[in-house]
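Okay, structure first, notes after.
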Amino acid sequence: MPTQPADDELELVRQSGAALRVGRLSLSAGTGSYRVKASMARVARALGIDRHEAHVTLTEITTTSHRGRSFRTEVAEVRTIGINADRLSRLEVLATRLEADAEQGRLATVDEVNAALDDIASRPPLYPALLNALWSAVACAAFAFLNNAGPVEIVAVAFGAGLGQLVRRAMLHRGFNQFGVTMLAAATACVGYLAFVEALFGLGATEAHHQAGYVSAVLFLIPGFALVTGALDLARLDFSAGTARLVHALMLLTSAALALWGVSEVVGLSPDPVAPMTLDPGVLLALRFVASFLGVLGFALMFNSPWPMALGAATVGMVANVLRLVMVDSAVVAQASAAAACLVVGLLAAVVAPRLHVPRITISVPAVVIMVPGVTAYRAVFHLSNGETTDALVYAVQAGLVVVSISIGLAVARMLTDRTWAYER
């Protein structure tokens with residue numbers, strides 16, 4: 001007969017494994033390390049673990065679970081990194097439910113937690129491949145309008161972005177290298193855009209080639225989640241995770257930009273800024289509201305968000321992005337406008353997310369992705385590849401300042417609304 005201490009240690013092993021599994025599912029769904037740690041700690045307490053400590057990087061988790069004089073240390077690696085807002089939401093609901101039960105004196109069992117995690121892990125994507133490509137097309141078409149594209153360019157961007165996302169999803173689900181897939185998807189989106197506008201020109205449906213908007217066709221590849229979560233990890237003084245996420249985002253961005261540069265060199269194009277259309281101020285404001293809403297909605301759905309979550313993010317993002325554009329039109333510098341808009345996003349997400357029972361990140365990140373200066377970053381790599389160092393530096397600094405400002409706005413909002421962010425303990 002095993003002794004009681006041996007039984008306790010075996011149970012601690014099982015409980016530690018269940019808590020670690022929560023972390024692996026959270027990390028693979030694209031959330032920041034601070035959220036991974038918090039989710040594991042909440043579930044660990046609900047299982048009866050006295051203290052749970054974790055070190056989380058981009059692809060690895062090291063945890064130690066303590067109960068009494070016993071402890072259990074485990075290491076796990078997560079090689080598949082994606083974005084799954086639905087999974088993050090379900091993990092948040094599970095952790096909240098288990099925590100509430102524990103506060104009432106009913107601890108969770110390992111079998112109960114594992115059964116819930118089995119259900120979460122086995123859920124297929126909410127939207128099939130064609131619908132997912134459509135969400136990408138909607139988001140990039142809205143992006144194109146906000147980047148001063150005309151009607152022909154907007155339709156062509158939707159076609160190219162949908163085609164590129166279709167290729168990306170199919171290859172990622174088959175386990176191909178993420179950076180190679182990003183380059184191929186970017187090239188596919190660019191070629192699809194150019195083929196569409198050339199077909200229209202050849203058929204006589206338009207009198208111009210309309211090639212200027214092809215950069216917007218690859219904006220679905222902006223690593224918004226990695227950029228934002230990496231910056232927020234740095235704000236929490238988690239330098240290992242934050243630096244790794246930002247490097248990962250930079251590599252994805254560079255992969256897409258190099259593919260864009262390659263297509264540009266072959267066909268003889270340059271991603272120069274486009275002159276804005278002349279529209280009545282009232283009409284322009286209304287269209288900006290519509291484009292901002294649809295852009296955020298498209299990104300949220302592409303991230304596998306359920307409709308209520310996506311609509312919440314789109315509403316928050318619409319308000320904040322139009323505010324940013326109005327500030328820029330009023331001669332406020334781009335980085336200050338982005339910081340103010342993202343502060344608004346963070347404050348609104350603190351109100352909206354709890355009412356939808358979802359993590360704030362699933363509301364705030366899609367809402368700010370539309371503010372990430374993807375076109376500016378792509379231009380920086382384009383000019384750098386051509387040896388035009390001065391132009392590349394100008395665009396790189398512009399993009400970097402805006403990204404930093406986005407992070408500052410979100411971090412300040414968290415400090416104002418979350419005590420765990422306001423105090424270091």
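Identifiers for the structure tokens are assigned positionally: chains receive A, B, ... in sequence, residues are indexed from 1 per chain, and ligands are indexed from 1 in the order shown.
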Original post:
Which neighbours of Gly400 (chain A) fall inside 9 Å, counting only C-alpha atoms, when residues of the same chain fewer than 5 positions from it are skipped, and could you give them as a PyMOL selection string?
Top reply: chain A and resi 373+377+395+405
Subject >> Neighbour list for Met251 (chain A) as a list in words, cut-off 9 Å, only C-alpha atoms, skip fewer than 5 positions in-chain >> reply: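 Near neighbours after the sequence-gap exclusion: Phe179, Leu246 and Ala256 of chain A.
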**OP:** Between A:Pro271, A:Gly162, A:Gly282, A:Gly150, single out the one closest to Phe382 (chain A), counting only C-alpha atoms.
**Re:**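 Ranking A:Pro271, A:Gly162, A:Gly282, A:Gly150 by distance to Phe382 (chain A), first place goes to A:Pro271.
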Subject >> Contacts of Gly30 (chain A) at 7 Å (only C-alpha atoms; same-chain gap of 2+ positions) as an NGL selection string >> reply: :A and (26-28 or 32 or 81-84 or 225)
Would you mind exporting the chosen residues as a short mmCIF file (atom, residue, chain, number, x, y, z; two decimals), in the first residue's frame, restricted to C-alpha atoms?
data_model
loop_
_atom_site.label_atom_id
_atom_site.label_comp_id
_atom_site.auth_asym_id
_atom_site.auth_seq_id
_atom_site.Cartn_x
_atom_site.Cartn_y
_atom_site.Cartn_z
CA SER A 26 -2.79 29.84 -23.95
CA LEU A 27 0.68 30.32 -25.41
CA SER A 28 -0.17 28.51 -28.64
CA GLY A 32 1.29 37.42 -23.91
CA ILE A 81 2.38 29.72 -32.58
CA GLY A 82 -0.84 31.20 -33.93
CA ILE A 83 -3.74 33.40 -32.98
CA ASN A 84 -6.97 31.88 -31.72
CA PHE A 225 -0.66 40.32 -31.86
#
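Using only C-alpha atoms, the protein and nucleic acid residues lying no more than 12 Å from Pro306 (chain A), apart from those fewer than 3 places from it along its own chain, are Asn84, Ala85, Asp86, Arg87, Leu88, Ser89, Arg90, Pro125, Leu126, Tyr127, Leu297, Gly298, Phe299, Ala300, Leu301, Met302, Phe303, Met309, Ala310, Leu311, Gly312, Ala313, Leu356, His357, Val358, Thr362 and Ile363 of chain A.
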Subject >> Secondary structure check, helix (DSSP H, G or I) residues of region 165-252 of chain A, as a PyMOL selection string >> reply: chain A and resi 165-172+178-202+214-221+224-235+239-252
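Neighbours of Gly48 (chain A) closer than or equal to 9 Å, with only C-alpha atoms counted and sequence neighbours fewer than 6 positions away skipped, come out as A:Leu12, A:Gln15, A:Arg67, A:Ala102, A:Leu107, A:Ala108, A:Thr109.
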Subject >> Pairwise distance for CA of Ile370 (chain A) and CA of Glu198 (chain A), rounded to one decimal in Å >> reply: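 Interatomic distance here is 27.8 Å.
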**OP:** Please indicate the distance in Å from CA of Gly317 (chain A) to CA of Tyr378 (chain A), rounded to one decimal place.
**Re:**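 We find that CA of Gly317 (chain A) and CA of Tyr378 (chain A) lie 22.8 Å from each other.
For Val381 (chain A), the residues within 10 Å (counting only C-alpha atoms, excluding itself and residues fewer than 4 positions away along the chain) are Leu253, Thr254, Ser255, Ala256, Ala257, Leu258, Leu260, Trp261, Thr376, Ala377, Ser385, Asn386, Gly387, Glu388, Thr389, Asp391, Ala392, Leu393, Tyr395 and Ala396 of chain A.
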Restricting the output to all heavy atoms, write the selected residues as a short mmCIF file (atom, residue, chain, number, x, y, z; two decimals), in the first residue's frame.
data_model
loop_
_atom_site.label_atom_id
_atom_site.label_comp_id
_atom_site.auth_asym_id
_atom_site.auth_seq_id
_atom_site.Cartn_x
_atom_site.Cartn_y
_atom_site.Cartn_z
N LEU A 253 7.50 40.52 -40.28
CA LEU A 253 7.33 41.75 -41.05
C LEU A 253 8.37 41.84 -42.16
O LEU A 253 8.06 42.20 -43.30
CB LEU A 253 7.45 42.95 -40.11
CG LEU A 253 6.94 44.31 -40.61
CD1 LEU A 253 5.46 44.25 -40.90
CD2 LEU A 253 7.23 45.38 -39.57
N THR A 254 9.61 41.48 -41.83
CA THR A 254 10.67 41.52 -42.83
C THR A 254 10.45 40.50 -43.93
O THR A 254 10.70 40.77 -45.11
CB THR A 254 12.03 41.28 -42.15
OG1 THR A 254 12.23 42.26 -41.12
CG2 THR A 254 13.17 41.37 -43.16
N SER A 255 9.97 39.32 -43.57
CA SER A 255 9.69 38.29 -44.57
C SER A 255 8.66 38.77 -45.59
O SER A 255 8.84 38.63 -46.81
CB SER A 255 9.18 37.02 -43.89
OG SER A 255 10.15 36.48 -43.01
N ALA A 256 7.58 39.37 -45.08
CA ALA A 256 6.55 39.89 -45.98
C ALA A 256 7.09 41.04 -46.82
O ALA A 256 6.82 41.14 -48.03
CB ALA A 256 5.33 40.34 -45.18
N ALA A 257 7.87 41.92 -46.19
CA ALA A 257 8.39 43.08 -46.90
C ALA A 257 9.38 42.68 -47.99
O ALA A 257 9.40 43.29 -49.07
CB ALA A 257 9.05 44.04 -45.92
N LEU A 258 10.20 41.67 -47.74
CA LEU A 258 11.14 41.21 -48.76
C LEU A 258 10.41 40.61 -49.96
O LEU A 258 10.83 40.80 -51.11
CB LEU A 258 12.12 40.20 -48.16
CG LEU A 258 13.16 40.79 -47.20
CD1 LEU A 258 13.99 39.68 -46.58
CD2 LEU A 258 14.06 41.78 -47.93
N LEU A 260 7.42 41.51 -50.89
CA LEU A 260 6.86 42.69 -51.54
C LEU A 260 7.92 43.38 -52.40
O LEU A 260 7.65 43.78 -53.54
CB LEU A 260 6.33 43.64 -50.48
CG LEU A 260 5.70 44.95 -50.96
CD1 LEU A 260 4.38 44.68 -51.63
CD2 LEU A 260 5.50 45.91 -49.78
N TRP A 261 9.11 43.52 -51.86
CA TRP A 261 10.20 44.13 -52.61
C TRP A 261 10.54 43.32 -53.87
O TRP A 261 10.76 43.88 -54.94
CB TRP A 261 11.43 44.25 -51.72
CG TRP A 261 12.67 44.67 -52.47
CD1 TRP A 261 13.00 45.91 -52.88
CD2 TRP A 261 13.73 43.80 -52.89
NE1 TRP A 261 14.21 45.90 -53.54
CE2 TRP A 261 14.68 44.61 -53.56
CE3 TRP A 261 13.98 42.43 -52.76
CZ2 TRP A 261 15.85 44.09 -54.10
CZ3 TRP A 261 15.14 41.90 -53.29
CH2 TRP A 261 16.06 42.72 -53.95
N THR A 376 4.05 51.85 -43.84
CA THR A 376 5.29 52.57 -43.56
C THR A 376 6.45 51.60 -43.31
O THR A 376 7.57 51.81 -43.79
CB THR A 376 5.10 53.48 -42.34
OG1 THR A 376 3.99 54.33 -42.55
CG2 THR A 376 6.33 54.34 -42.11
N ALA A 377 6.19 50.53 -42.57
CA ALA A 377 7.23 49.54 -42.30
C ALA A 377 7.66 48.83 -43.58
O ALA A 377 8.86 48.60 -43.81
CB ALA A 377 6.72 48.52 -41.28
N SER A 385 16.25 47.63 -49.03
CA SER A 385 16.67 46.62 -49.99
C SER A 385 17.24 47.24 -51.26
O SER A 385 18.08 46.65 -51.94
CB SER A 385 15.48 45.71 -50.34
OG SER A 385 14.99 45.06 -49.19
N ASN A 386 16.79 48.44 -51.58
CA ASN A 386 17.29 49.14 -52.76
C ASN A 386 18.52 49.99 -52.47
O ASN A 386 19.01 50.70 -53.35
CB ASN A 386 16.19 50.04 -53.34
CG ASN A 386 15.18 49.27 -54.16
OD1 ASN A 386 15.46 48.16 -54.62
ND2 ASN A 386 14.00 49.83 -54.35
N GLY A 387 19.01 49.93 -51.23
CA GLY A 387 20.18 50.71 -50.87
C GLY A 387 19.90 52.18 -50.59
O GLY A 387 20.84 52.98 -50.48
N GLU A 388 18.62 52.54 -50.48
CA GLU A 388 18.24 53.93 -50.22
C GLU A 388 18.12 54.11 -48.71
O GLU A 388 17.03 54.17 -48.14
CB GLU A 388 16.93 54.25 -50.95
CG GLU A 388 17.05 54.07 -52.46
CD GLU A 388 15.70 53.93 -53.15
OE1 GLU A 388 14.68 53.80 -52.45
OE2 GLU A 388 15.67 53.93 -54.39
N THR A 389 19.28 54.23 -48.06
CA THR A 389 19.34 54.17 -46.61
C THR A 389 18.60 55.32 -45.93
O THR A 389 17.92 55.11 -44.92
CB THR A 389 20.81 54.16 -46.15
OG1 THR A 389 21.52 53.16 -46.86
CG2 THR A 389 20.90 53.88 -44.66
N ASP A 391 15.99 57.17 -46.99
CA ASP A 391 14.54 56.97 -47.05
C ASP A 391 14.10 55.83 -46.13
O ASP A 391 13.08 55.92 -45.45
CB ASP A 391 14.11 56.67 -48.49
CG ASP A 391 14.24 57.88 -49.40
OD1 ASP A 391 14.20 59.01 -48.88
OD2 ASP A 391 14.39 57.69 -50.62
N ALA A 392 14.89 54.75 -46.12
CA ALA A 392 14.56 53.61 -45.26
C ALA A 392 14.56 54.02 -43.79
O ALA A 392 13.67 53.63 -43.02
CB ALA A 392 15.55 52.47 -45.49
N LEU A 393 15.55 54.82 -43.41
CA LEU A 393 15.64 55.24 -42.01
C LEU A 393 14.46 56.12 -41.62
O LEU A 393 13.91 55.99 -40.52
CB LEU A 393 16.96 55.99 -41.78
CG LEU A 393 17.26 56.42 -40.34
CD1 LEU A 393 17.34 55.21 -39.43
CD2 LEU A 393 18.56 57.22 -40.30
N TYR A 395 11.37 56.14 -42.88
CA TYR A 395 10.16 55.32 -42.72
C TYR A 395 10.26 54.41 -41.50
O TYR A 395 9.27 54.20 -40.78
CB TYR A 395 9.91 54.49 -43.98
CG TYR A 395 9.34 55.27 -45.13
CD1 TYR A 395 10.00 55.36 -46.35
CD2 TYR A 395 8.11 55.93 -45.00
CE1 TYR A 395 9.48 56.09 -47.42
CE2 TYR A 395 7.57 56.65 -46.06
CZ TYR A 395 8.26 56.73 -47.27
OH TYR A 395 7.73 57.44 -48.31
N ALA A 396 11.46 53.85 -41.24
CA ALA A 396 11.62 52.95 -40.10
C ALA A 396 11.39 53.69 -38.79
O ALA A 396 10.74 53.17 -37.87
CB ALA A 396 13.00 52.32 -40.12
#
Original post:
When distances are computed from only C-alpha atoms, which of A:Ala54, A:Leu146, A:Leu347, A:Leu20 shows the smallest separation from Asp238 (chain A)?
Top reply: A:Ala54
Subject >> Counting only C-alpha atoms, the option among A:Ala226, A:Val93, A:Val397, A:Met40 closest to Leu250 (chain A) >> reply: A:Ala226
Original post:
How far is it from CA of Arg174 (chain A) to CA of Thr80 (chain A), in Å with one decimal?
Top reply: 11.3 Å
